[in-house]
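File shown: coords01.txt (compact mmCIF, C-alpha atoms).
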```txt
# COMPACT_ATOMS: atom_id res chain seq x y z
CA MET W 27 18.77 15.31 -6.05
CA SER W 28 20.01 11.76 -6.43
CA GLU W 29 17.82 8.70 -6.60
CA THR W 30 19.22 7.51 -3.27
CA LYS W 31 18.07 10.64 -1.51
CA LEU W 32 14.57 10.03 -2.82
CA LEU W 33 14.44 6.93 -0.63
CA LEU W 34 14.61 8.82 2.64
CA SER W 35 11.69 10.11 4.67
CA ARG W 36 8.99 12.09 2.93
CA ARG W 37 10.31 15.49 3.90
CA GLN W 38 13.98 14.54 3.54
CA ALA W 39 13.34 12.90 0.20
CA ALA W 40 11.50 15.85 -1.28
CA GLY W 41 13.76 18.41 0.39
CA LEU W 42 10.38 19.61 1.49
CA LEU W 43 9.60 22.83 3.30
CA THR W 44 5.98 23.18 4.35
CA GLY W 45 4.74 26.73 4.42
CA GLY W 46 1.69 26.12 6.57
CA LEU W 47 -2.00 26.48 5.87
CA LEU W 48 -2.93 28.88 3.09
CA GLY W 49 -5.72 31.29 3.79
CA ALA W 50 -7.58 32.31 6.89
CA GLY W 51 -10.75 31.36 8.66
CA LEU W 52 -9.94 27.72 9.27
CA MET W 53 -11.05 27.88 12.86
CA PRO W 54 -12.23 24.79 14.79
CA GLY W 55 -15.99 24.71 14.99
CA SER W 56 -16.57 26.71 11.83
CA ALA W 57 -19.09 25.33 9.37
CA PHE W 58 -16.42 24.26 6.89
CA ALA W 59 -13.74 22.96 9.29
CA GLN W 60 -15.43 19.71 10.21
CA SER W 61 -13.20 16.68 10.72
CA LYS W 62 -14.46 14.84 7.65
CA TYR W 63 -17.11 14.98 4.97
CA LEU W 64 -17.45 11.30 4.09
CA ASP W 65 -17.84 8.17 6.20
CA VAL W 66 -15.95 5.59 4.16
CA ARG W 67 -17.62 2.78 6.11
CA ARG W 68 -21.12 3.88 5.17
CA GLY W 69 -23.32 0.98 4.06
CA SER W 70 -25.43 0.42 0.96
CA ASN W 71 -26.17 4.13 0.40
CA PHE W 72 -22.48 4.97 -0.05
CA GLN W 73 -21.72 7.46 -2.80
CA PRO W 74 -18.22 8.72 -3.72
CA VAL W 75 -17.56 12.43 -3.35
CA PRO W 76 -17.43 14.30 -6.70
CA ILE W 77 -14.32 16.47 -6.82
CA ALA W 78 -12.89 18.71 -9.55
CA VAL W 79 -9.11 18.99 -9.83
CA THR W 80 -8.32 22.05 -11.94
CA ASN W 81 -5.05 22.66 -13.76
CA PHE W 82 -2.40 24.18 -11.52
CA ALA W 83 -1.35 27.60 -12.76
CA GLY W 84 2.22 27.61 -14.08
CA ASP W 85 2.54 23.80 -14.11
CA GLN W 86 5.05 22.76 -16.77
CA GLY W 87 4.90 19.01 -16.16
CA PRO W 88 4.58 16.37 -15.16
CA ALA W 89 1.03 17.67 -14.79
CA LEU W 90 0.31 17.68 -11.07
CA SER W 91 -3.43 17.89 -11.65
CA GLY W 92 -3.29 14.74 -13.80
CA ILE W 93 -1.39 12.76 -11.16
CA ILE W 94 -3.80 13.91 -8.44
CA THR W 95 -6.81 13.07 -10.63
CA ASN W 96 -5.43 9.59 -11.32
CA ASN W 97 -4.90 9.03 -7.61
CA PHE W 98 -8.46 10.01 -6.79
CA ALA W 99 -9.86 7.85 -9.61
CA ARG W 100 -8.38 4.77 -7.90
CA SER W 101 -9.34 5.86 -4.40
CA VAL W 102 -12.97 4.63 -4.74
CA PHE W 103 -14.14 7.24 -2.22
CA LEU W 104 -13.40 10.33 -4.34
CA GLN W 105 -14.79 10.68 -7.86
CA PRO W 106 -12.82 13.13 -10.03
CA LEU W 107 -14.96 14.95 -12.58
CA GLU W 108 -14.06 15.21 -16.27
CA PRO W 109 -12.18 18.45 -16.99
CA ARG W 110 -14.28 19.03 -20.11
CA SER W 111 -17.31 19.41 -17.83
CA PHE W 112 -15.74 22.22 -15.80
CA PRO W 113 -17.86 25.40 -15.94
CA GLU W 114 -14.89 27.80 -15.74
CA GLN W 115 -11.16 28.05 -16.23
CA ILE W 116 -9.43 29.04 -13.02
CA SER W 117 -7.29 32.12 -13.68
CA ASN W 118 -6.65 33.00 -10.03
CA PRO W 119 -6.19 29.88 -7.84
CA ASP W 120 -6.25 32.04 -4.71
CA ALA W 121 -9.79 33.29 -5.34
CA PRO W 122 -12.88 31.23 -4.49
CA PRO W 123 -14.34 29.40 -7.49
CA ARG W 124 -17.85 30.39 -8.58
CA ALA W 125 -19.76 28.02 -6.32
CA ASP W 126 -23.07 28.33 -8.22
CA ALA W 127 -21.39 27.26 -11.45
CA TRP W 128 -19.67 24.25 -9.88
CA ARG W 129 -22.90 23.12 -8.24
CA MET W 130 -24.38 22.77 -11.73
CA ILE W 131 -22.04 19.81 -12.39
CA ASN W 132 -22.59 18.40 -8.88
CA ALA W 133 -19.06 19.08 -7.72
CA GLN W 134 -18.77 18.98 -3.94
CA PHE W 135 -15.13 20.14 -3.88
CA VAL W 136 -12.81 22.05 -6.19
CA VAL W 137 -9.01 21.88 -6.04
CA THR W 138 -7.01 24.86 -7.28
CA GLY W 139 -3.29 25.44 -7.19
CA ARG W 140 -0.19 26.97 -8.67
CA VAL W 141 3.39 25.97 -9.38
CA ALA W 142 6.26 28.45 -9.56
CA ARG W 143 10.04 28.36 -9.65
CA GLY W 144 11.81 30.31 -6.91
CA ALA W 145 14.98 32.34 -7.33
CA ASP W 146 16.93 29.39 -5.92
CA GLY W 147 15.52 27.09 -8.62
CA ARG W 148 13.30 25.15 -6.28
CA MET W 149 9.69 24.38 -7.11
CA GLN W 150 7.02 26.08 -5.04
CA THR W 151 3.66 24.32 -5.05
CA GLN W 152 0.44 25.56 -3.50
CA PHE W 153 -3.00 24.00 -3.40
CA ARG W 154 -6.38 25.00 -2.01
CA LEU W 155 -9.42 22.81 -1.41
CA TRP W 156 -12.78 24.58 -1.70
CA ASP W 157 -16.13 23.37 -0.37
CA VAL W 158 -18.69 24.16 -3.08
CA SER W 159 -21.61 24.07 -0.65
CA THR W 160 -20.21 26.97 1.37
CA GLY W 161 -17.85 28.60 -1.11
CA GLN W 162 -15.17 28.46 1.57
CA GLN W 163 -11.64 27.10 1.58
CA VAL W 164 -11.39 24.05 3.83
CA THR W 165 -7.65 23.52 3.64
CA GLY W 166 -4.60 24.66 1.77
CA GLN W 167 -0.88 24.10 1.87
CA GLN W 168 2.33 25.04 0.15
CA TYR W 169 5.51 23.04 -0.41
CA VAL W 170 9.01 23.93 -1.59
CA THR W 171 11.14 21.22 -3.15
CA ASP W 172 13.49 20.19 -5.95
CA PRO W 173 11.62 20.16 -9.30
CA ASN W 174 12.57 16.50 -9.78
CA ASN W 175 10.18 15.65 -6.98
CA ALA W 176 7.06 17.00 -8.68
CA ARG W 177 5.37 13.60 -8.79
CA ARG W 178 6.11 13.11 -5.09
CA VAL W 179 4.52 16.44 -4.24
CA ALA W 180 1.40 15.46 -6.21
CA HIS W 181 1.05 12.35 -4.05
CA ILE W 182 1.50 14.39 -0.86
CA VAL W 183 -1.15 16.87 -2.02
CA SER W 184 -3.45 13.93 -2.81
CA ASP W 185 -2.97 12.54 0.69
CA ALA W 186 -3.74 15.90 2.29
CA ILE W 187 -6.99 16.26 0.35
CA PHE W 188 -8.04 12.63 0.85
CA SER W 189 -7.48 12.92 4.59
CA ARG W 190 -9.35 16.23 4.84
CA ILE W 191 -12.45 14.82 3.14
CA THR W 192 -12.54 11.31 4.63
CA GLY W 193 -10.87 11.75 8.01
CA GLU W 194 -8.66 8.76 7.09
CA LYS W 195 -4.93 8.62 6.47
CA GLY W 196 -3.87 8.82 2.86
CA PHE W 197 -1.93 6.17 0.97
CA PHE W 198 -0.73 7.85 -2.20
CA ASP W 199 2.76 8.79 -0.96
CA SER W 200 3.81 5.18 -0.52
CA ARG W 201 5.74 2.54 -2.42
CA VAL W 202 5.37 -1.14 -3.20
CA VAL W 203 8.03 -3.80 -3.56
CA PHE W 204 7.13 -6.61 -5.94
CA ILE W 205 8.54 -9.27 -8.23
CA ASP W 206 9.09 -8.04 -11.78
CA GLU W 207 8.73 -11.01 -14.13
CA THR W 208 10.01 -11.24 -17.71
CA GLY W 209 10.72 -13.96 -20.25
CA PRO W 210 8.86 -17.11 -21.27
CA LYS W 211 6.92 -18.94 -18.59
CA GLU W 212 9.30 -21.89 -18.43
CA ARG W 213 12.33 -19.57 -18.07
CA ARG W 214 10.87 -16.65 -16.18
CA ILE W 215 13.36 -14.10 -14.80
CA LYS W 216 12.20 -12.67 -11.48
CA LYS W 217 13.70 -9.45 -10.14
CA LEU W 218 12.98 -7.76 -6.85
CA SER W 219 11.70 -4.30 -7.77
CA ILE W 220 10.12 -1.22 -6.24
CA MET W 221 7.56 1.26 -7.56
CA ASP W 222 5.25 4.03 -6.43
CA GLN W 223 1.79 2.82 -5.43
CA ASP W 224 0.43 3.94 -8.83
CA GLY W 225 2.94 1.85 -10.80
CA SER W 226 5.32 4.70 -11.62
CA ASN W 227 9.07 4.96 -10.99
CA VAL W 228 9.83 1.24 -11.24
CA ARG W 229 13.38 0.38 -10.20
CA ASN W 230 15.01 -3.05 -10.04
CA LEU W 231 16.64 -3.95 -6.72
CA THR W 232 18.12 -7.24 -7.94
CA GLN W 233 19.30 -8.22 -11.41
CA GLY W 234 17.57 -11.57 -11.82
CA ASP W 235 20.63 -13.73 -11.16
CA ASP W 236 18.73 -15.59 -8.43
CA LEU W 237 15.04 -16.38 -8.18
CA VAL W 238 13.39 -14.14 -5.56
CA VAL W 239 9.90 -14.33 -4.00
CA THR W 240 7.78 -13.01 -1.09
CA PRO W 241 9.31 -9.57 -0.47
CA ARG W 242 8.15 -7.77 2.67
CA PHE W 243 8.67 -4.13 3.64
CA SER W 244 9.98 -3.11 7.04
CA PRO W 245 7.52 -0.77 8.80
CA SER W 246 10.32 1.29 10.33
CA SER W 247 13.28 1.38 7.93
CA GLN W 248 14.33 1.19 4.29
CA ASP W 249 14.78 -2.59 4.53
CA VAL W 250 13.04 -5.35 2.60
CA ALA W 251 13.04 -9.02 3.60
CA TYR W 252 12.62 -11.65 0.88
CA MET W 253 13.38 -15.25 0.01
CA SER W 254 16.08 -16.01 -2.54
CA PHE W 255 16.78 -19.27 -4.37
CA GLY W 256 20.50 -18.89 -4.82
CA LYS W 257 23.22 -21.48 -4.51
CA GLY W 258 22.44 -24.01 -1.81
CA GLU W 259 19.34 -23.87 0.39
CA PRO W 260 16.87 -21.04 -0.21
CA ARG W 261 17.44 -18.31 2.34
CA VAL W 262 15.76 -15.23 3.76
CA PHE W 263 17.69 -12.04 3.01
CA ILE W 264 17.33 -8.44 4.13
CA LEU W 265 18.13 -5.75 1.56
CA ASN W 266 18.53 -2.07 2.36
CA ILE W 267 16.98 -0.26 -0.60
CA GLU W 268 18.92 2.92 0.11
CA THR W 269 22.41 1.42 0.20
CA GLY W 270 21.90 -1.87 -1.67
CA GLN W 271 23.52 -3.77 1.21
CA ARG W 272 22.24 -7.34 1.54
CA GLU W 273 22.61 -9.87 4.34
CA VAL W 274 21.30 -13.36 5.03
CA VAL W 275 19.05 -13.83 8.06
CA GLY W 276 20.63 -16.51 10.21
CA ASN W 277 22.50 -19.67 9.30
CA PHE W 278 19.83 -22.34 9.61
CA PRO W 279 20.34 -25.93 8.42
CA GLY W 280 17.09 -26.01 6.42
CA MET W 281 15.22 -23.76 4.02
CA THR W 282 13.93 -20.47 5.47
CA PHE W 283 11.00 -18.71 3.82
CA SER W 284 7.93 -16.44 4.26
CA PRO W 285 9.70 -13.66 6.19
CA ARG W 286 7.91 -10.71 7.74
CA PHE W 287 9.01 -7.91 10.05
CA SER W 288 7.61 -7.24 13.49
CA PRO W 289 5.69 -3.94 13.86
CA ASP W 290 8.73 -2.21 15.38
CA GLY W 291 11.04 -3.57 12.67
CA GLN W 292 13.34 -5.18 15.25
CA LYS W 293 12.47 -8.82 14.55
CA ILE W 294 11.91 -11.12 11.62
CA ILE W 295 9.37 -13.91 11.85
CA MET W 296 9.73 -16.71 9.30
CA SER W 297 9.19 -20.36 8.56
CA LEU W 298 12.00 -22.92 8.80
CA SER W 299 11.79 -26.23 6.96
CA GLN W 300 12.95 -29.26 8.96
CA GLY W 301 12.39 -32.51 7.10
CA SER W 302 8.72 -32.73 6.11
CA ALA W 303 7.68 -30.13 8.70
CA SER W 304 7.94 -26.35 8.78
CA ASN W 305 7.71 -24.31 11.95
CA LEU W 306 7.77 -20.65 12.88
CA PHE W 307 10.79 -18.88 14.33
CA THR W 308 11.65 -15.30 15.20
CA MET W 309 15.04 -13.65 15.05
CA ASP W 310 16.00 -10.49 16.90
CA LEU W 311 17.83 -8.43 14.30
CA ARG W 312 20.08 -6.78 16.90
CA SER W 313 21.18 -9.75 18.99
CA ARG W 314 20.53 -12.43 16.32
CA ALA W 315 18.87 -14.53 19.02
CA THR W 316 16.26 -16.94 17.66
CA THR W 317 13.07 -18.19 19.28
CA ARG W 318 11.01 -21.14 18.16
CA LEU W 319 7.27 -20.41 18.20
CA THR W 320 5.64 -23.62 16.90
CA ASP W 321 6.50 -27.29 17.09
CA THR W 322 4.25 -29.41 14.88
CA ALA W 323 4.64 -32.16 12.32
CA GLY W 324 2.74 -30.05 9.78
CA ILE W 325 3.58 -26.99 7.73
CA ASP W 326 3.27 -23.67 9.56
CA THR W 327 4.03 -20.71 7.32
CA SER W 328 3.06 -17.18 6.16
CA PRO W 329 3.18 -15.56 9.62
CA SER W 330 2.07 -11.96 10.17
CA TYR W 331 2.08 -9.90 13.38
CA SER W 332 -0.87 -7.96 14.71
CA PRO W 333 -0.07 -4.22 14.62
CA ASP W 334 0.45 -4.12 18.39
CA GLY W 335 2.88 -7.05 18.15
CA THR W 336 1.03 -9.24 20.67
CA GLN W 337 -0.34 -11.87 18.27
CA VAL W 338 0.62 -13.74 15.12
CA VAL W 339 -1.65 -15.02 12.37
CA PHE W 340 -0.35 -17.82 10.14
CA GLU W 341 -1.44 -20.65 7.87
CA SER W 342 -1.04 -24.30 8.79
CA ASP W 343 -2.13 -27.73 7.61
CA ARG W 344 -1.85 -29.17 11.14
CA GLY W 345 -5.57 -30.01 11.00
CA GLY W 346 -5.35 -31.75 7.62
CA THR W 347 -5.97 -28.78 5.28
CA GLN W 348 -4.56 -25.27 4.90
CA GLN W 349 -6.31 -23.01 7.40
CA VAL W 350 -5.66 -19.76 9.26
CA TYR W 351 -4.63 -19.77 12.93
CA VAL W 352 -3.91 -17.08 15.52
CA MET W 353 -1.58 -17.41 18.52
CA ASN W 354 0.24 -15.22 21.00
CA ALA W 355 3.40 -13.64 19.64
CA GLY W 356 5.49 -15.70 22.07
CA GLY W 357 4.11 -18.97 20.75
CA GLY W 358 1.95 -21.54 22.49
CA GLY W 359 -1.55 -22.71 21.68
CA ALA W 360 -3.04 -21.57 18.39
CA LYS W 361 -6.72 -21.06 17.56
CA ARG W 362 -8.12 -21.81 14.13
CA ILE W 363 -10.24 -18.95 12.76
CA SER W 364 -11.08 -20.01 9.17
CA TYR W 365 -14.08 -22.30 8.75
CA SER W 366 -15.72 -21.95 5.33
CA GLU W 367 -16.73 -25.48 4.34
CA GLY W 368 -14.54 -27.06 1.67
CA ALA W 369 -12.15 -24.10 1.54
CA ARG W 370 -8.41 -23.79 1.97
CA TYR W 371 -6.87 -20.58 3.28
CA SER W 372 -3.39 -19.13 2.82
CA THR W 373 -1.25 -15.95 2.95
CA PRO W 374 -2.97 -14.28 5.93
CA VAL W 375 -1.84 -10.76 6.78
CA TRP W 376 -3.01 -8.48 9.57
CA SER W 377 -4.41 -5.04 8.75
CA PRO W 378 -2.34 -2.08 10.01
CA LYS W 379 -5.48 -0.97 11.87
CA GLY W 380 -5.80 -4.38 13.53
CA ASP W 381 -9.47 -4.71 12.55
CA PHE W 382 -9.15 -7.30 9.77
CA ILE W 383 -7.01 -10.15 8.52
CA ALA W 384 -6.73 -10.47 4.74
CA PHE W 385 -6.27 -13.89 3.15
CA THR W 386 -6.38 -15.97 -0.01
CA ARG W 387 -9.20 -18.54 -0.10
CA GLN W 388 -9.30 -21.45 -2.54
CA LYS W 389 -12.73 -23.00 -2.90
CA GLY W 390 -14.32 -24.92 -5.75
CA GLY W 391 -11.52 -24.05 -8.18
CA SER W 392 -11.83 -20.34 -7.47
CA PHE W 393 -9.28 -18.13 -5.70
CA GLY W 394 -10.69 -15.30 -3.63
CA ILE W 395 -9.07 -12.41 -1.79
CA GLY W 396 -11.01 -11.72 1.37
CA VAL W 397 -10.97 -10.30 4.87
CA MET W 398 -12.22 -11.50 8.24
CA LYS W 399 -12.11 -10.16 11.77
CA PRO W 400 -9.29 -11.46 13.99
CA ASP W 401 -11.69 -13.90 15.66
CA GLY W 402 -12.71 -15.33 12.25
CA SER W 403 -16.12 -13.67 12.12
CA GLY W 404 -17.41 -11.39 9.37
CA GLU W 405 -15.65 -13.16 6.50
CA ARG W 406 -16.09 -11.24 3.26
CA ILE W 407 -14.67 -12.01 -0.19
CA ILE W 408 -13.51 -8.84 -1.96
CA THR W 409 -12.71 -10.40 -5.32
CA ASP W 410 -12.98 -13.93 -6.66
CA GLY W 411 -11.74 -15.71 -9.77
CA TYR W 412 -8.66 -17.39 -11.18
CA HIS W 413 -5.95 -17.01 -9.94
CA ASN W 414 -5.83 -14.38 -7.16
CA GLU W 415 -3.19 -14.57 -4.44
CA GLY W 416 -1.03 -12.73 -1.93
CA PRO W 417 -2.92 -9.77 -0.41
CA THR W 418 -1.00 -6.87 1.11
CA TRP W 419 -2.43 -3.88 2.97
CA ALA W 420 -2.24 -0.19 2.17
CA PRO W 421 -0.78 1.75 5.11
CA ASN W 422 -4.22 3.17 5.97
CA GLY W 423 -5.91 -0.26 6.08
CA LEU W 424 -8.55 0.69 3.50
CA TYR W 425 -7.15 -1.16 0.47
CA VAL W 426 -5.48 -4.43 -0.42
CA MET W 427 -3.14 -5.13 -3.30
CA PHE W 428 -2.73 -8.63 -4.74
CA PHE W 429 -1.72 -10.39 -7.93
CA ARG W 430 -3.73 -12.37 -10.47
CA ASP W 431 -2.34 -14.98 -12.85
CA PRO W 432 -4.82 -15.97 -15.59
CA GLY W 433 -2.76 -19.02 -16.56
CA GLY W 434 -1.93 -20.05 -20.10
CA GLY W 435 1.04 -18.42 -21.78
CA GLY W 436 0.67 -15.11 -19.95
CA GLY W 437 1.73 -14.07 -16.52
CA PRO W 438 0.58 -12.35 -13.34
CA LYS W 439 -0.52 -8.74 -12.98
CA ILE W 440 -0.98 -6.64 -9.85
CA PHE W 441 -4.36 -5.28 -8.76
CA MET W 442 -5.74 -3.24 -5.88
CA ALA W 443 -9.23 -3.08 -4.38
CA ASP W 444 -10.81 -1.32 -1.44
CA VAL W 445 -11.57 -3.46 1.58
CA PHE W 446 -15.33 -3.09 1.04
CA GLY W 447 -15.20 -4.48 -2.51
CA ARG W 448 -16.54 -1.29 -4.12
CA GLY W 449 -13.80 -0.95 -6.73
CA GLU W 450 -10.92 -2.87 -8.29
CA PHE W 451 -8.11 -1.51 -10.45
CA GLN W 452 -5.05 -2.92 -12.17
CA VAL W 453 -1.75 -1.37 -11.10
CA PRO W 454 0.07 -0.71 -14.38
CA THR W 455 3.47 -2.36 -14.71
CA GLN W 456 5.49 -2.71 -17.91
CA ASN W 457 6.19 -6.40 -17.29
CA TYR W 458 4.40 -9.13 -15.39
CA GLY W 459 4.24 -8.51 -11.65
CA SER W 460 3.60 -10.65 -8.58
CA ASP W 461 4.04 -10.77 -4.79
CA PRO W 462 3.36 -7.09 -4.04
CA ALA W 463 4.16 -5.77 -0.56
CA TRP W 464 2.88 -2.31 0.32
CA GLY W 465 5.24 -0.12 2.31
CA PRO W 466 4.38 2.51 4.93
CA LEU W 467 3.66 6.14 4.23
CA LEU W 468 6.94 7.93 3.60
CA SER W 469 6.80 10.17 6.65
```
Now that the file is in, can you turn its structure into structure tokens?
Amino acid sequence: MSETKLLLSRRQAAGLLTGGLLGAGLMPGSAFAQSKYLDVRRGSNFQPVPIAVTNFAGDQGPALSGIITNNFARSVFLQPLEPRSFPEQISNPDAPPRADAWRMINAQFVVTGRVARGADGRMQTQFRLWDVSTGQQVTGQQYVTDPNNARRVAHIVSDAIFSRITGEKGFFDSRVVFIDETGPKERRIKKLSIMDQDGSNVRNLTQGDDLVVTPRFSPSSQDVAYMSFGKGEPRVFILNIETGQREVVGNFPGMTFSPRFSPDGQKIIMSLSQGSASNLFTMDLRSRATTRLTDTAGIDTSPSYSPDGTQVVFESDRGGTQQVYVMNAGGGGAKRISYSEGARYSTPVWSPKGDFIAFTRQKGGSFGIGVMKPDGSGERIITDGYHNEGPTWAPNGLYVMFFRDPGGGGGPKIFMADVFGRGEFQVPTQNYGSDPAWGPLLS
């Protein structure tokens, strides 16, 4: 299967056939078919769920169990156990594990599975999730796909297990666009690139001929909007990552920047520089009609729609310092929602759930990534230090990704953290990386 085909929907991309639930007895109301086992929003007594991911029988690599384990290790809410602590080797993944033995290492769940090659050459993958407390299977699934998509299947299996335990959508079968940075700091080459959420399968989308920044995924297509410093005024472009086709958004007289798609993917909202001021505009991608949303003498930028498309959050210095404002999606009066004394706020972005707005806060020489409710209440800093910037949301609204530049002769790296500040992890990239933008689940 070609690389291009891998950029289609989840099931198209994997050539995926789902064989349905494995096993019987998964009836609503049964003791082991509850909707979830963990409340991710639990307070101070939160404990991650210990889970054992056993080797899949017949797996020839890449090791599905290793990919799944790595996913869970960065999930915060699931805690994969060390394989060397396992009390038994699973010889028959269809049979219940010995619950008494697994309880001795405090495992709450055990994952078993198998991989086989069908007569047609396609890979057949099965998994089962067992509840140690009852000894019963709580879910199971099988998938048929091209062997080249083994890593993709591991992410899909991870999502299915994560969702079954937490009751939340997964996020593992998703991708991130970002800026891949190489070369010395004074001559840094910046390429628009894409990778899986775990840092694997990096692919350059541009070749570094022009400086590119602020990429943003479309929520409904294989398009990415970004700003490019080419010849002439910097412009907002849209790139289709399946075909490589690129087009400029509008023909404005000034610099356009900070693009972001509307929730339905039919509009672009962006900032347009006019003299010393910058204001917000939208463009309908079908009709190319533009609408001006703000009209101030300050700098309005970094707009982001609420998930229902009725409101826009943005940053502005109209009050004298960089702060966060919210207004109706059609423009009009804006309400300031950031008020921490002595702080400046930037890069606001609305959660896909609509419950929080993430932001960058600069205060006292420190750069924090935080969240607040849409009315400005409940502000919470997830991580703080030098120099954090540019949060982007996971498709399930439980995690943010951002980049950190320590200064000096080095460069930025990409990190992710859960929205409650319980864990933080670096996303491995071969080169420096900045400006991440998390895409939707590939389904």
Computed gap from CA of Lys361 (chain W) to CA of Arg387 (chain W) is 18.0 Å
Shortest contact to Asp206 (chain W), candidates W:Phe393, W:Tyr458, W:Phe307, W:Tyr365, atoms counted all atoms listed in the file, goes to W:Tyr458
re CA of Ser392 (chain W) and CA of His413 (chain W): distance 7.2 Å
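Residue nearest Val426 (chain W), chosen from W:Leu311, W:Ala360, W:Val202, W:Val170 and counting all atoms listed in the file: W:Val202.
Among the candidates W:Met353, W:Met398, W:Val338, W:Ala463, the one nearest to Ile205 (chain W) when counting all atoms listed in the file is W:Ala463.
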Best match for closeness to Gly225 (chain W) among W:Phe204, W:Tyr169, W:Phe188, W:Tyr63, counting all atoms listed in the file: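 Smallest separation from Gly225 (chain W) among the options: W:Phe204.
When the distance limit is 6 Å and only C-alpha atoms are what count, the residues near region 450-457 of chain W, minus those fewer than 6 positions from it on the same chain, are W:Gly225, W:Ile440, W:Phe441, W:Met442, W:Ala443.
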Rank nothing, just name the residue among W:Ala176, W:Val136, W:Val339, W:Val275 nearest to Phe382 (chain W), using all atoms listed in the file. W:Val339
In the coordinate frame of the file, compute which residues have an atom within 10 Å of (17.9, -17.5, -2.5) when using all atoms listed in the file, and state them as a ChimeraX atom specification. /W:235-239,252-263,274,281-283
Identify which of the residues W:His181, W:Arg370, W:Arg143, W:Arg448 lies closest to Thr95 (chain W), counting all atoms listed in the file when measuring atom-to-atom distances.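 Comparing W:His181, W:Arg370, W:Arg143, W:Arg448 against Thr95 (chain W), the winner is W:His181.
Across the model, the gap from CA of Leu468 (chain W) to CA of Gly380 (chain W) is 20.3 Å.
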Could you name the residues that touch Ser111 (chain W) at 10 Å or less, counting all atoms listed in the file, but leaving out those on the same chain fewer than 5 positions away, as a ChimeraX atom specification? /W:78,128,130-131
Could those selected residues go to a file with C-alpha atoms, as a compact mmCIF listing (two decimals), keeping the file's coordinate frame?
```txt
# COMPACT_ATOMS: atom_id res chain seq x y z
CA ALA W 78 -12.89 18.71 -9.55
CA TRP W 128 -19.67 24.25 -9.88
CA MET W 130 -24.38 22.77 -11.73
CA ILE W 131 -22.04 19.81 -12.39
```
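With all atoms listed in the file taken into account, the protein and nucleic acid residues at most 8 Å from Asp199 (chain W) (excluding it and anything under 3 positions from it in its own chain) are Arg178, His181, Ile182, Asp185, Gly196, Asp222, Gln223, Leu467 and Leu468 of chain W.
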Counting all atoms listed in the file, which residues come within 12 Å of (-22.8, 22.2, -6.0), with the point read in the file's coordinates, and could you list them as a ChimeraX atom specification? /W:75-78,113,123-136,156-161
Which residues, written as a PyMOL selection string, have at least one atom at most 12 Å from Ala355 (chain W), with only C-alpha atoms counted and residues fewer than 4 positions away on the same chain left out? chain W and resi 288-289+293-295+306-308+317-320+329-340+359-360
